[in-house]
Amino acid sequence: MSLKRKLTTFDLTMIAIGSTIGSGIFFTPALIARTLNDPFWILFVWFIGGLMALSGALTFSELGALFPEAGGVYVYLSKAYGDLAGFLYGWAYFLVVNTGGIAALAIAFATYFGYFVHLNLLGIKLVGIFGIVFVTIINLIGVKAGGIFSDIFTVLKLIGIVGLIFVGFTFGSSATANLFGPIYTTQNIGSALAIAMVGVLWSYGGWQHATFTAGEAINPRKSLPIAMIIAALAVTLIYISTNIAYMFLMTPAEIGASQTLAADAVQKVLGGIGGSLIAIAIFISTFGTTGIYTLTAPRIYYAMANDKIFFPKIAELHPKFRTPIYAIVIQSLWAIILILFWGTFENLIAYVVFTDWIFFGMTAASIFIFRKKFPELNRSYKTFGYPITPIFFIAMAIWFVINTLIEKPEQAWAGLIFLGLGVPVYLYWKRKL
């Protein structure tokens, strides 16, 4: 029994965009403004993040067209570096990256639900857990149901973000944040840029989720490259426009001091009703992204189990819906455990992003391995700007990982420890073969 191929190019594009635009653009600009209090540097890091996303999408598109299989990045790493690399990616995704992301997103949408109904910390956790249970059920019904869910919520969140941009450009002014004033540079600008990039790369991460569902795409060799490239370009334009809109409405100091930035920015010119509307948009955005993360990553665990390096049950499909039921349920249970016993949104993203970008760099580097190892394979898409495009992406990934080790050693080492724990687990499964 195999996965059903039902996802269209539009579905994959919405998954790529929807996986990227989640909580980041609403939460991280405040963190970035506290680190970089100058409009030029704030926009600079968002522009660099966009270049990284685009170069990554261009590179990953060749990999997706070359190996259009369920699991995406896991498949590329396994074929390039061996089963251990692929296993550690799936392991990290399960323990840290995706489940940590789901937990953080659940806390985020529950927090904005609390904008309308007063919730204490326990209430926020319970709402987050309920949301995870809901999207889990949706994704168990079938990949098309999950795809429709992502389509609807991605379109709704884009409407909300376009509304925010419209308000900023219509009612705001470039003079508010002195957008075209002289550039202010701190003494430790390199360190500040590295810290700010944590939030930027958290916000830009997600376009690669389209590769995870390649095994369920109708025409993955054609649709995957289109979906990821469109997503990277669209998200970059949206993020830079949104940050300009913020700075048309608030100064960098005001942005940095805000806990609910988008709602505060709109409320400043439209009052309480405007703030409520944007809070609804944020809830929709983060809730929808939680559903997409719940849909896509279980395909990694499914692929690992099929390769007999993970629990065999994970490879079993629902007899009626033909979805990886155990992979989806176990992922959601672990995310719920993280909500109950883990920290806050802010504490999650540093080591989540650090761990993710180790594998991003390795995945991009695999393009050189495959060009040499499989020159005869049909490549329906070849990376634009090769080899400069993947080299830029890899260089930026290395820079970010090294700087995170220096600037955020606690979170970085926590991520490395999680990776290290995966090695004996992998050896255990190999011995069982």
# chains A, B, ... in the order shown; residues from 1 in each chain; ligands from 1
$ residues_around --residues "Gln208 (chain A)" --least-positions-apart "2" --cutoff "8 Å" --atoms "only C-alpha atoms" --output "number ranges by chain"
A: 16, 57, 60, 73, 205-206, 210-212, 228
$ select_by_dssp --residues "region 3-235 of chain A" --states "alpha helix (DSSP H)" --output "PyMOL selection string"
chain A and resi 9-20+24-35+39-66+73-81+83-92+98-113+121-141+143-171+189-204+209-212+220-235
$ atom_distance --atom1 "CA of Thr404 (chain A)" --atom2 "CA of Phe283 (chain A)"
29.7 Å
$ residues_around --residues "region 326-328 of chain A" --least-positions-apart "2" --cutoff "9 Å" --atoms "only C-alpha atoms" --output "JSON, numbers by chain"
{"A": [136, 139, 140, 294, 295, 297, 298, 299, 300, 301, 302, 313, 314, 315, 316, 317, 318, 323, 324, 330, 331, 332, 333]}
$ residues_around --residues "region 418-426 of chain A" --least-positions-apart "2" --cutoff "12 Å" --atoms "only C-alpha atoms" --output "ChimeraX atom specification"
/A:82-97,304-305,307-311,351-352,354-356,358-359,411-416,428-433
$ write_last_selection --atoms "N, CA and C atoms" --output "tab-separated table (two decimals), in the first residue's frame"
chain	number	residue	atom	x	y	z
A	82	GLY	N	24.52	8.82	3.60
A	82	GLY	CA	24.28	7.56	4.27
A	82	GLY	C	23.11	7.64	5.23
A	83	ASP	N	22.70	6.47	5.72
A	83	ASP	CA	21.50	6.37	6.55
A	83	ASP	C	21.61	7.15	7.86
A	84	LEU	N	22.81	7.24	8.45
A	84	LEU	CA	22.95	7.94	9.73
A	84	LEU	C	22.57	9.40	9.61
A	85	ALA	N	23.03	10.07	8.55
A	85	ALA	CA	22.69	11.48	8.35
A	85	ALA	C	21.19	11.66	8.21
A	86	GLY	N	20.56	10.81	7.41
A	86	GLY	CA	19.12	10.90	7.24
A	86	GLY	C	18.38	10.64	8.53
A	87	PHE	N	18.85	9.62	9.27
A	87	PHE	CA	18.20	9.31	10.55
A	87	PHE	C	18.31	10.47	11.52
A	88	LEU	N	19.50	11.07	11.63
A	88	LEU	CA	19.69	12.17	12.58
A	88	LEU	C	18.82	13.37	12.22
A	89	TYR	N	18.59	13.57	10.92
A	89	TYR	CA	17.68	14.65	10.51
A	89	TYR	C	16.26	14.36	11.00
A	90	GLY	N	15.78	13.15	10.73
A	90	GLY	CA	14.45	12.79	11.20
A	90	GLY	C	14.35	12.81	12.71
A	91	TRP	N	15.41	12.34	13.37
A	91	TRP	CA	15.47	12.34	14.83
A	91	TRP	C	15.38	13.76	15.38
A	92	ALA	N	16.20	14.66	14.81
A	92	ALA	CA	16.19	16.05	15.25
A	92	ALA	C	14.85	16.71	14.94
A	93	TYR	N	14.27	16.36	13.81
A	93	TYR	CA	12.98	16.95	13.46
A	93	TYR	C	11.90	16.52	14.44
A	94	PHE	N	11.99	15.26	14.85
A	94	PHE	CA	10.98	14.75	15.78
A	94	PHE	C	11.16	15.34	17.18
A	95	LEU	N	12.40	15.34	17.70
A	95	LEU	CA	12.63	15.76	19.07
A	95	LEU	C	12.72	17.28	19.25
A	96	VAL	N	13.17	17.99	18.23
A	96	VAL	CA	13.46	19.41	18.40
A	96	VAL	C	12.71	20.27	17.39
A	97	VAL	N	13.04	20.10	16.11
A	97	VAL	CA	12.69	21.11	15.12
A	97	VAL	C	11.18	21.19	14.88
A	304	MET	N	11.51	7.00	7.22
A	304	MET	CA	12.52	6.35	8.06
A	304	MET	C	12.08	4.95	8.45
A	305	ALA	N	10.82	4.80	8.81
A	305	ALA	CA	10.31	3.48	9.21
A	305	ALA	C	10.31	2.52	8.02
A	307	ASP	N	12.48	2.57	5.76
A	307	ASP	CA	13.89	2.20	5.62
A	307	ASP	C	14.38	1.33	6.79
A	308	LYS	N	13.46	0.99	7.69
A	308	LYS	CA	13.72	0.11	8.83
A	308	LYS	C	14.75	0.67	9.81
A	309	ILE	N	14.73	2.00	9.98
A	309	ILE	CA	15.59	2.62	11.00
A	309	ILE	C	14.74	3.42	11.99
A	310	PHE	N	13.48	3.07	12.10
A	310	PHE	CA	12.60	3.68	13.08
A	310	PHE	C	11.51	2.66	13.40
A	311	PHE	N	10.68	2.97	14.39
A	311	PHE	CA	9.65	2.03	14.81
A	311	PHE	C	8.82	1.56	13.61
A	351	TYR	N	17.62	27.26	19.49
A	351	TYR	CA	18.20	25.95	19.20
A	351	TYR	C	17.42	25.18	18.15
A	352	VAL	N	16.13	25.53	17.94
A	352	VAL	CA	15.38	24.93	16.84
A	352	VAL	C	16.02	25.35	15.52
A	354	PHE	N	19.02	26.70	15.04
A	354	PHE	CA	20.41	26.23	14.97
A	354	PHE	C	20.48	24.81	14.42
A	355	THR	N	19.67	23.92	14.97
A	355	THR	CA	19.68	22.52	14.54
A	355	THR	C	19.22	22.40	13.09
A	356	ASP	N	18.19	23.13	12.74
A	356	ASP	CA	17.65	23.08	11.39
A	356	ASP	C	18.69	23.48	10.35
A	358	ILE	N	21.96	23.38	10.45
A	358	ILE	CA	23.02	22.39	10.23
A	358	ILE	C	22.64	21.49	9.06
A	359	PHE	N	21.40	21.02	9.08
A	359	PHE	CA	20.94	20.12	8.03
A	359	PHE	C	20.64	20.86	6.72
A	411	GLN	N	21.74	27.30	23.87
A	411	GLN	CA	20.76	26.70	22.95
A	411	GLN	C	21.45	25.82	21.91
A	412	ALA	N	22.61	26.29	21.41
A	412	ALA	CA	23.32	25.53	20.38
A	412	ALA	C	23.79	24.19	20.90
A	413	TRP	N	24.37	24.18	22.09
A	413	TRP	CA	24.85	22.91	22.64
A	413	TRP	C	23.70	21.98	22.99
A	414	ALA	N	22.57	22.54	23.38
A	414	ALA	CA	21.39	21.70	23.64
A	414	ALA	C	20.99	20.98	22.35
A	415	GLY	N	21.02	21.71	21.23
A	415	GLY	CA	20.70	21.08	19.96
A	415	GLY	C	21.69	19.99	19.59
A	416	LEU	N	22.97	20.24	19.84
A	416	LEU	CA	24.00	19.24	19.52
A	416	LEU	C	23.86	18.00	20.40
A	428	TYR	N	21.18	1.10	17.47
A	428	TYR	CA	20.25	0.08	17.97
A	428	TYR	C	19.37	-0.45	16.85
A	429	TRP	N	18.82	0.46	16.04
A	429	TRP	CA	17.95	0.03	14.96
A	429	TRP	C	18.73	-0.72	13.90
A	430	LYS	N	19.95	-0.31	13.65
A	430	LYS	CA	20.76	-1.01	12.65
A	430	LYS	C	21.06	-2.44	13.09
A	431	ARG	N	21.29	-2.64	14.39
A	431	ARG	CA	21.57	-3.97	14.88
A	431	ARG	C	20.34	-4.88	14.76
A	432	LYS	N	19.15	-4.29	14.75
A	432	LYS	CA	17.93	-5.09	14.67
A	432	LYS	C	17.63	-5.55	13.26
A	433	LEU	N	18.33	-4.97	12.27
A	433	LEU	CA	18.08	-5.35	10.88
A	433	LEU	C	18.50	-6.80	10.61
$ closest_residue --among "A:Tyr76, A:Val235, A:Tyr184, A:Ser276" --to "Glu62 (chain A)" --atoms "only C-alpha atoms"
A:Tyr76
$ residues_around --residues "region 396-400 of chain A" --least-positions-apart "4" --cutoff "7 Å" --atoms "only C-alpha atoms" --output "ChimeraX atom specification"
/A:194,357,361,392,404
$ atom_distance --atom1 "CA of Asn178 (chain A)" --atom2 "CA of Ile244 (chain A)"
11.2 Å
$ residues_around --residues "Phe67 (chain A)" --least-positions-apart "3" --cutoff "9 Å" --atoms "only C-alpha atoms" --output "short mmCIF file (atom, residue, chain, number, x, y, z; two decimals) with N, CA and C atoms, in the first residue's frame"
data_model
loop_
_atom_site.label_atom_id
_atom_site.label_comp_id
_atom_site.auth_asym_id
_atom_site.auth_seq_id
_atom_site.Cartn_x
_atom_site.Cartn_y
_atom_site.Cartn_z
N GLU A 62 16.11 21.43 -7.32
CA GLU A 62 16.78 20.41 -8.13
C GLU A 62 16.74 19.07 -7.41
N LEU A 63 16.96 19.08 -6.11
CA LEU A 63 16.93 17.84 -5.34
C LEU A 63 15.53 17.23 -5.34
N GLY A 64 14.52 18.08 -5.20
CA GLY A 64 13.14 17.59 -5.20
C GLY A 64 12.74 17.00 -6.53
N GLY A 72 11.35 14.01 1.52
CA GLY A 72 12.10 15.19 1.13
C GLY A 72 13.54 15.21 1.59
N VAL A 75 15.37 12.10 2.53
CA VAL A 75 15.79 11.26 1.41
C VAL A 75 17.10 11.77 0.83
N TYR A 76 17.22 13.10 0.63
CA TYR A 76 18.42 13.67 0.03
C TYR A 76 19.65 13.41 0.92
N ALA A 214 6.33 15.20 -1.36
CA ALA A 214 6.56 14.92 -2.79
C ALA A 214 5.94 13.59 -3.20
N ARG A 221 8.00 16.36 -10.03
CA ARG A 221 9.19 16.85 -10.74
C ARG A 221 8.96 18.26 -11.30
#
$ closest_residue --among "A:Leu12, A:Ala279, A:Leu179, A:Leu405" --to "Ala262 (chain A)" --atoms "only C-alpha atoms"
A:Ala279
$ residues_around --residues "Thr236 (chain A)" --least-positions-apart "4" --cutoff "9 Å" --atoms "only C-alpha atoms" --output "PyMOL selection string"
chain A and resi 46-47+49-51+53-54+204+231-232+240-241
$ closest_residue --among "A:Val167, A:Leu201, A:Ser23, A:Ala80" --to "Arg371 (chain A)" --atoms "only C-alpha atoms"
A:Ala80
$ closest_residue --among "A:Leu105, A:Ala234, A:Ile32, A:Leu340" --to "Gly199 (chain A)" --atoms "only C-alpha atoms"
A:Ile32
